[in-house]
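Written out below as structure tokens is the structure these notes cover.
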Amino acid sequence: MAGSLEGIKVLELGNYIAGPVCAMLLGDMGADVIKIEPTQIGDHTRHFPPIINGESACFANLNRNKRSIALDLKQAEARAIMIELAKKSDVLVENYRPGALEKLGLGPDHLRAVNPKLVYVSVSGYGQTGPYRRRAGVNFTVEAFAGSLSITGEPDDKPMRTGIQTADVVSALFATYSALTGLIGVLRNREGRAFDVSLSESTIAVAVWETAEYLATGHIPQRIGHRHRVHTPAQLFETGDNRHIAISAATDEQFRKLTEVLGIERECADPRFATKAQRKKNEDDLLEVLEPAIRKWSAKELEQKIVGVGIPCSPVNDYAQVFEDEHVKARELVVEVDHPQLGRMKTVRNPVLMDKDGPDIRRAAPTHGQHTAEILGELGFDSRQIETLARAGAVKLAAESDAPLKVARA
């Protein structure tokens with residue numbers, strides 16, 4: 001099977017999530033991704049729990065479809081190897097601190113001087129310019145800076161951190177968009193481009209309701225708990241079996257159907273609830289009617305009734321419930337792969353499905369420096385030269401174990 005990006009070569013100088021996820025998505029679509037790691041500890045995510053047989057399951061989830069070469073970029077010999085790799089590559093993705101690669105002579109101007117068609121994508125906390133360019137930024141602190149924590153949580157409580165790595169993953173998606181945009185430009189006989197993607201701006205950009213409200217009115221959005229800024233009812237409700245269910249009956253027709261399911265048509269035949277705007281204006285009064293009616297139901301029974309009339313809803317699932325769901329199983333979202341250290345492991349496939357030649361898992365995540373010798377051989381180094389580089393500490397070698405990957409549906 002030929003992936004859509006087969007023949008595209010990608011270099012990744014990535015750590016943690018944003019850069020590695022971008023490169024992984026390109027690899028899923030068929031690109032040959034070479035992950036360039038420091039010789040000492042590699043990508044820091046290699047040391048995140050859970051650790052199984054000495055390997056991180058988190059790292060394995062973020063770094064499939066890649067080959068690993070370990071280089072000490074502080075050494076001139078390793079930087080020369082990096083330049084040779086850049087000459088033969090189409091895309092470079094990096095999430096180092098701004099200015100770090102420029103100091104090593106590996107910034108976008110340096111590498112595009114030897115390969116004008118190189119698409120150079122930089123991901124950082126606050127961007128490549130501006131007073132905060134050198135400021136350290138991780139998902140949690142960026143969410144605080146970008147405003148998303150200020151609107152998360154209950155109104156009378158402190159801000160609540162989000163449950164997933166929103167800033168990291170959203171910026172990874174914007175970085176992937178940048179890489180593909182650059183590749184299309186090159187295909188149209190243009191030169192490569194340098195892209196500047198920041199976690200902070202990516203996080204601000206996806207706050208569509210909140211930024212629109214503030215920029216149009218000057219009103220500062222506040223925490224509203226489980227409620228929606230525009231619609232009601234559109235929030236979590238407690239059911240009679242101590243679960244919670246998300247219900248969004250945003251239109252007048254959906255609201256009418258919801259009242260019929262709950263048997264509260266008479267109570268809701270009130271001018272205060274007649275239109276969407278009136279319901280939002282009188283939301284507290286509306287919830288006093290809805291909440292006790294919903295508590296009479298179990299989550300599963302109510303879900304079946306509400307879904308049956310076309311209203312969006314779902315019980316709040318934990319991850320055990322997610323992966324046991326019949327729809328998730330039918331879509332074969334979970335696959336099993338053979339990892340050289342982790343053994344047979346389950347992972348989530350790429351969420352994009354195509355009619356043919358779509359994303360695929362061809363390689364398990366590499367061990368640290370697993371492909372150093374292989375990649376150097378492709379650049380023309382012989383075994384004696386590779387051993388010399390390894391003894392000097394410019395590269396790190398690892399035992400090769402790259403048998404064809406076996407993938408099966410879980």
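Identifiers for the structure tokens are assigned positionally: chains receive A, B, ... in sequence, residues are indexed from 1 per chain, and ligands are indexed from 1 in the order shown.
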Among segment 88-327 of chain A, which ones does DSSP assign to strand (DSSP E) (computed from the backbone)? Answer as a PDB file with C-alpha atoms, in the first residue's frame.
ATOM      1  CA  VAL A  91      10.396  18.880   5.600  1.00  0.00           C
ATOM      2  CA  LEU A  92      12.013  19.660   8.942  1.00  0.00           C
ATOM      3  CA  VAL A  93       9.884  19.869  12.088  1.00  0.00           C
ATOM      4  CA  GLU A  94      11.438  21.150  15.324  1.00  0.00           C
ATOM      5  CA  VAL A 119       9.938  23.280   4.384  1.00  0.00           C
ATOM      6  CA  TYR A 120      11.075  24.287   7.879  1.00  0.00           C
ATOM      7  CA  VAL A 121       8.378  24.147  10.588  1.00  0.00           C
ATOM      8  CA  SER A 122       9.213  25.527  14.042  1.00  0.00           C
ATOM      9  CA  VAL A 123       6.897  24.939  17.007  1.00  0.00           C
ATOM     10  CA  SER A 124       7.460  26.764  20.300  1.00  0.00           C
ATOM     11  CA  ALA A 194       9.820  28.698   7.171  1.00  0.00           C
ATOM     12  CA  PHE A 195       6.745  28.357   9.398  1.00  0.00           C
ATOM     13  CA  ASP A 196       6.416  29.735  12.938  1.00  0.00           C
ATOM     14  CA  VAL A 197       3.765  27.913  15.006  1.00  0.00           C
ATOM     15  CA  SER A 198       3.264  28.718  18.689  1.00  0.00           C
ATOM     16  CA  ALA A 234     -26.362  22.282  26.505  1.00  0.00           C
ATOM     17  CA  GLN A 235     -24.486  20.911  29.494  1.00  0.00           C
ATOM     18  CA  LEU A 236     -23.978  17.957  31.835  1.00  0.00           C
ATOM     19  CA  PHE A 237     -26.865  16.633  33.885  1.00  0.00           C
ATOM     20  CA  GLU A 238     -26.849  14.086  36.709  1.00  0.00           C
ATOM     21  CA  HIS A 244     -23.641  12.282  34.101  1.00  0.00           C
ATOM     22  CA  ILE A 245     -25.019  12.820  30.632  1.00  0.00           C
ATOM     23  CA  ALA A 246     -24.198  15.533  28.103  1.00  0.00           C
ATOM     24  CA  ILE A 247     -27.299  16.877  26.356  1.00  0.00           C
ATOM     25  CA  SER A 248     -27.403  19.615  23.722  1.00  0.00           C
ATOM     26  CA  CYS A 313     -26.269  13.426  23.771  1.00  0.00           C
ATOM     27  CA  SER A 314     -23.926  10.977  25.444  1.00  0.00           C
ATOM     28  CA  PRO A 315     -23.237   9.701  28.936  1.00  0.00           C
TER      29      PRO A 315
END
Residues of segment 80-151 of chain A in helix (DSSP H, G or I), written as a PDB file with N, CA and C atoms, in the first residue's frame:
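Result file is part_17.pdb:
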ATOM      1  N   ALA A  80      27.457  18.317  10.821  1.00  0.00           N
ATOM      2  CA  ALA A  80      27.689  18.037   9.396  1.00  0.00           C
ATOM      3  C   ALA A  80      26.738  16.953   8.898  1.00  0.00           C
ATOM      4  N   ILE A  81      26.493  15.941   9.732  1.00  0.00           N
ATOM      5  CA  ILE A  81      25.534  14.889   9.373  1.00  0.00           C
ATOM      6  C   ILE A  81      24.140  15.484   9.241  1.00  0.00           C
ATOM      7  N   MET A  82      23.807  16.375  10.168  1.00  0.00           N
ATOM      8  CA  MET A  82      22.494  17.024  10.122  1.00  0.00           C
ATOM      9  C   MET A  82      22.313  17.800   8.818  1.00  0.00           C
ATOM     10  N   ILE A  83      23.325  18.489   8.394  1.00  0.00           N
ATOM     11  CA  ILE A  83      23.252  19.259   7.149  1.00  0.00           C
ATOM     12  C   ILE A  83      23.087  18.330   5.951  1.00  0.00           C
ATOM     13  N   GLU A  84      23.793  17.198   5.963  1.00  0.00           N
ATOM     14  CA  GLU A  84      23.652  16.237   4.871  1.00  0.00           C
ATOM     15  C   GLU A  84      22.224  15.667   4.823  1.00  0.00           C
ATOM     16  N   LEU A  85      21.658  15.425   5.996  1.00  0.00           N
ATOM     17  CA  LEU A  85      20.276  14.946   6.032  1.00  0.00           C
ATOM     18  C   LEU A  85      19.324  16.004   5.490  1.00  0.00           C
ATOM     19  N   ALA A  86      19.562  17.277   5.853  1.00  0.00           N
ATOM     20  CA  ALA A  86      18.693  18.361   5.387  1.00  0.00           C
ATOM     21  C   ALA A  86      18.735  18.512   3.876  1.00  0.00           C
ATOM     22  N   LYS A  87      19.907  18.256   3.285  1.00  0.00           N
ATOM     23  CA  LYS A  87      20.032  18.363   1.823  1.00  0.00           C
ATOM     24  C   LYS A  87      19.107  17.386   1.108  1.00  0.00           C
ATOM     25  N   ALA A 100      17.867  28.321  19.513  1.00  0.00           N
ATOM     26  CA  ALA A 100      18.820  27.259  19.851  1.00  0.00           C
ATOM     27  C   ALA A 100      19.457  26.665  18.600  1.00  0.00           C
ATOM     28  N   LEU A 101      18.662  26.363  17.591  1.00  0.00           N
ATOM     29  CA  LEU A 101      19.220  25.759  16.382  1.00  0.00           C
ATOM     30  C   LEU A 101      19.997  26.779  15.554  1.00  0.00           C
ATOM     31  N   GLU A 102      19.587  28.042  15.596  1.00  0.00           N
ATOM     32  CA  GLU A 102      20.352  29.081  14.898  1.00  0.00           C
ATOM     33  C   GLU A 102      21.775  29.159  15.453  1.00  0.00           C
ATOM     34  N   LYS A 103      21.916  29.041  16.771  1.00  0.00           N
ATOM     35  CA  LYS A 103      23.244  29.093  17.385  1.00  0.00           C
ATOM     36  C   LYS A 103      24.128  27.940  16.909  1.00  0.00           C
ATOM     37  N   PRO A 108      16.566  27.921  10.040  1.00  0.00           N
ATOM     38  CA  PRO A 108      15.959  27.848   8.700  1.00  0.00           C
ATOM     39  C   PRO A 108      16.794  28.496   7.610  1.00  0.00           C
ATOM     40  N   ASP A 109      17.430  29.621   7.907  1.00  0.00           N
ATOM     41  CA  ASP A 109      18.262  30.264   6.879  1.00  0.00           C
ATOM     42  C   ASP A 109      19.469  29.401   6.531  1.00  0.00           C
ATOM     43  N   HIS A 110      20.071  28.755   7.532  1.00  0.00           N
ATOM     44  CA  HIS A 110      21.236  27.910   7.286  1.00  0.00           C
ATOM     45  C   HIS A 110      20.884  26.707   6.418  1.00  0.00           C
ATOM     46  N   LEU A 111      19.814  26.021   6.787  1.00  0.00           N
ATOM     47  CA  LEU A 111      19.496  24.774   6.091  1.00  0.00           C
ATOM     48  C   LEU A 111      18.836  25.019   4.744  1.00  0.00           C
ATOM     49  N   ARG A 112      18.083  26.104   4.617  1.00  0.00           N
ATOM     50  CA  ARG A 112      17.490  26.398   3.315  1.00  0.00           C
ATOM     51  C   ARG A 112      18.530  26.962   2.348  1.00  0.00           C
ATOM     52  N   ALA A 113      19.675  27.364   2.879  1.00  0.00           N
ATOM     53  CA  ALA A 113      20.769  27.769   1.991  1.00  0.00           C
ATOM     54  C   ALA A 113      21.343  26.569   1.254  1.00  0.00           C
ATOM     55  N   VAL A 114      21.302  25.393   1.891  1.00  0.00           N
ATOM     56  CA  VAL A 114      21.802  24.183   1.232  1.00  0.00           C
ATOM     57  C   VAL A 114      20.679  23.407   0.551  1.00  0.00           C
ATOM     58  N   ASN A 139       2.397  22.806  28.044  1.00  0.00           N
ATOM     59  CA  ASN A 139       0.955  22.824  27.816  1.00  0.00           C
ATOM     60  C   ASN A 139       0.192  23.583  28.901  1.00  0.00           C
ATOM     61  N   PHE A 140       0.418  23.232  30.159  1.00  0.00           N
ATOM     62  CA  PHE A 140      -0.344  23.800  31.272  1.00  0.00           C
ATOM     63  C   PHE A 140      -0.123  25.304  31.407  1.00  0.00           C
ATOM     64  N   THR A 141       1.133  25.738  31.359  1.00  0.00           N
ATOM     65  CA  THR A 141       1.401  27.168  31.532  1.00  0.00           C
ATOM     66  C   THR A 141       0.940  27.966  30.316  1.00  0.00           C
ATOM     67  N   VAL A 142       0.993  27.374  29.131  1.00  0.00           N
ATOM     68  CA  VAL A 142       0.490  28.058  27.943  1.00  0.00           C
ATOM     69  C   VAL A 142      -1.021  28.214  28.018  1.00  0.00           C
ATOM     70  N   GLU A 143      -1.735  27.187  28.499  1.00  0.00           N
ATOM     71  CA  GLU A 143      -3.181  27.312  28.670  1.00  0.00           C
ATOM     72  C   GLU A 143      -3.529  28.439  29.632  1.00  0.00           C
ATOM     73  N   ALA A 144      -2.707  28.601  30.666  1.00  0.00           N
ATOM     74  CA  ALA A 144      -2.929  29.712  31.595  1.00  0.00           C
ATOM     75  C   ALA A 144      -2.716  31.045  30.893  1.00  0.00           C
ATOM     76  N   PHE A 145      -1.630  31.160  30.133  1.00  0.00           N
ATOM     77  CA  PHE A 145      -1.313  32.398  29.424  1.00  0.00           C
ATOM     78  C   PHE A 145      -2.379  32.733  28.383  1.00  0.00           C
ATOM     79  N   ALA A 146      -2.821  31.714  27.629  1.00  0.00           N
ATOM     80  CA  ALA A 146      -3.689  31.937  26.477  1.00  0.00           C
ATOM     81  C   ALA A 146      -5.155  32.135  26.831  1.00  0.00           C
ATOM     82  N   SER A 148      -7.394  29.973  28.191  1.00  0.00           N
ATOM     83  CA  SER A 148      -8.332  28.854  28.237  1.00  0.00           C
ATOM     84  C   SER A 148      -8.613  28.384  29.663  1.00  0.00           C
ATOM     85  N   LEU A 149      -7.632  28.500  30.566  1.00  0.00           N
ATOM     86  CA  LEU A 149      -7.902  28.107  31.951  1.00  0.00           C
ATOM     87  C   LEU A 149      -8.873  29.069  32.629  1.00  0.00           C
ATOM     88  N   SER A 150      -8.883  30.331  32.209  1.00  0.00           N
ATOM     89  CA  SER A 150      -9.753  31.328  32.846  1.00  0.00           C
ATOM     90  C   SER A 150     -11.227  31.031  32.611  1.00  0.00           C
ATOM     91  N   ILE A 151     -11.540  30.257  31.578  1.00  0.00           N
ATOM     92  CA  ILE A 151     -12.940  29.966  31.261  1.00  0.00           C
ATOM     93  C   ILE A 151     -13.311  28.520  31.562  1.00  0.00           C
TER      94      ILE A 151
END
Just checking: using only C-alpha atoms, which residue out of A:Ile311, A:Ile204, A:Leu173, A:Ala365 ends up closest to Gln341 of chain A?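 Among the listed residues, the smallest separation from Gln341 of chain A belongs to A:Ala365.
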Of the candidates A:Ile69, A:Ala250, A:Ala18, A:Met354, which shows the shortest atom-to-atom distance to Ala373 of chain A, using only C-alpha atoms? A:Ile69
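Counting only C-alpha atoms, Gly182 of chain A has the following residues at most 8 Å away, ignoring those fewer than 4 positions along the same chain: Val119, Ser178, Val186, Gly192 and Arg193 of chain A.
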Between atom CA of Leu262 of chain A and atom CA of Glu301 of chain A lies a distance of 11.5 Å
Pick from A:His339, A:Arg391, A:Lys396, A:Lys9: nearest to Gln370 of chain A, with only C-alpha atoms counted? A:Lys396
I'd like the contact shell of Gln40 of chain A - 12 Å cut-off, only C-alpha atoms, skipping same-chain residues fewer than 3 positions apart - returned as an MDAnalysis selection string. chainID A and resid 37 43:44 46 70:73 368:369 393:397
Let me see the file: selected residues, C-alpha atoms, as a PDB file, in the first residue's frame.
ATOM      1  CA  GLU A  37      17.550  12.725  19.217  1.00  0.00           C
ATOM      2  CA  ASP A  43      13.365  12.608  23.689  1.00  0.00           C
ATOM      3  CA  HIS A  44      12.347  13.308  27.303  1.00  0.00           C
ATOM      4  CA  ARG A  46      11.078   8.211  26.624  1.00  0.00           C
ATOM      5  CA  ALA A  70      21.050   9.876  17.920  1.00  0.00           C
ATOM      6  CA  LEU A  71      23.359  12.851  17.298  1.00  0.00           C
ATOM      7  CA  ASP A  72      25.268  15.139  19.639  1.00  0.00           C
ATOM      8  CA  LEU A  73      24.640  18.384  17.767  1.00  0.00           C
ATOM      9  CA  HIS A 368      16.829   5.342  21.114  1.00  0.00           C
ATOM     10  CA  GLY A 369      19.245   5.545  18.191  1.00  0.00           C
ATOM     11  CA  GLY A 393      30.411  10.522  20.979  1.00  0.00           C
ATOM     12  CA  ALA A 394      29.098  12.374  17.926  1.00  0.00           C
ATOM     13  CA  VAL A 395      26.513   9.625  17.384  1.00  0.00           C
ATOM     14  CA  LYS A 396      24.959   6.889  19.490  1.00  0.00           C
ATOM     15  CA  LEU A 397      24.509   3.403  18.094  1.00  0.00           C
TER      16      LEU A 397
END
Here is a test: counting only C-alpha atoms, which residue of A:Tyr132, A:Asp284, A:Asn61, A:Ile34 is nearest to Ser89 of chain A? A:Ile34
When distances are computed from only C-alpha atoms, which of A:Lys117, A:Arg79, A:Arg272, A:Arg229 shows the smallest separation from Leu183 of chain A?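 Comparing A:Lys117, A:Arg79, A:Arg272, A:Arg229 against Leu183 of chain A, the winner is A:Lys117.
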Of the listed residues A:Val138, A:Val335, A:Val261, A:Ala269, that which approaches Gln304 of chain A most closely, counting only C-alpha atoms: A:Val261
What is the distance, in Å and to one decimal place, between atom CA of Gly343 of chain A and atom CA of Asn63 of chain A?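 According to the coordinates, atom CA of Gly343 of chain A and atom CA of Asn63 of chain A are separated by 15.8 Å.
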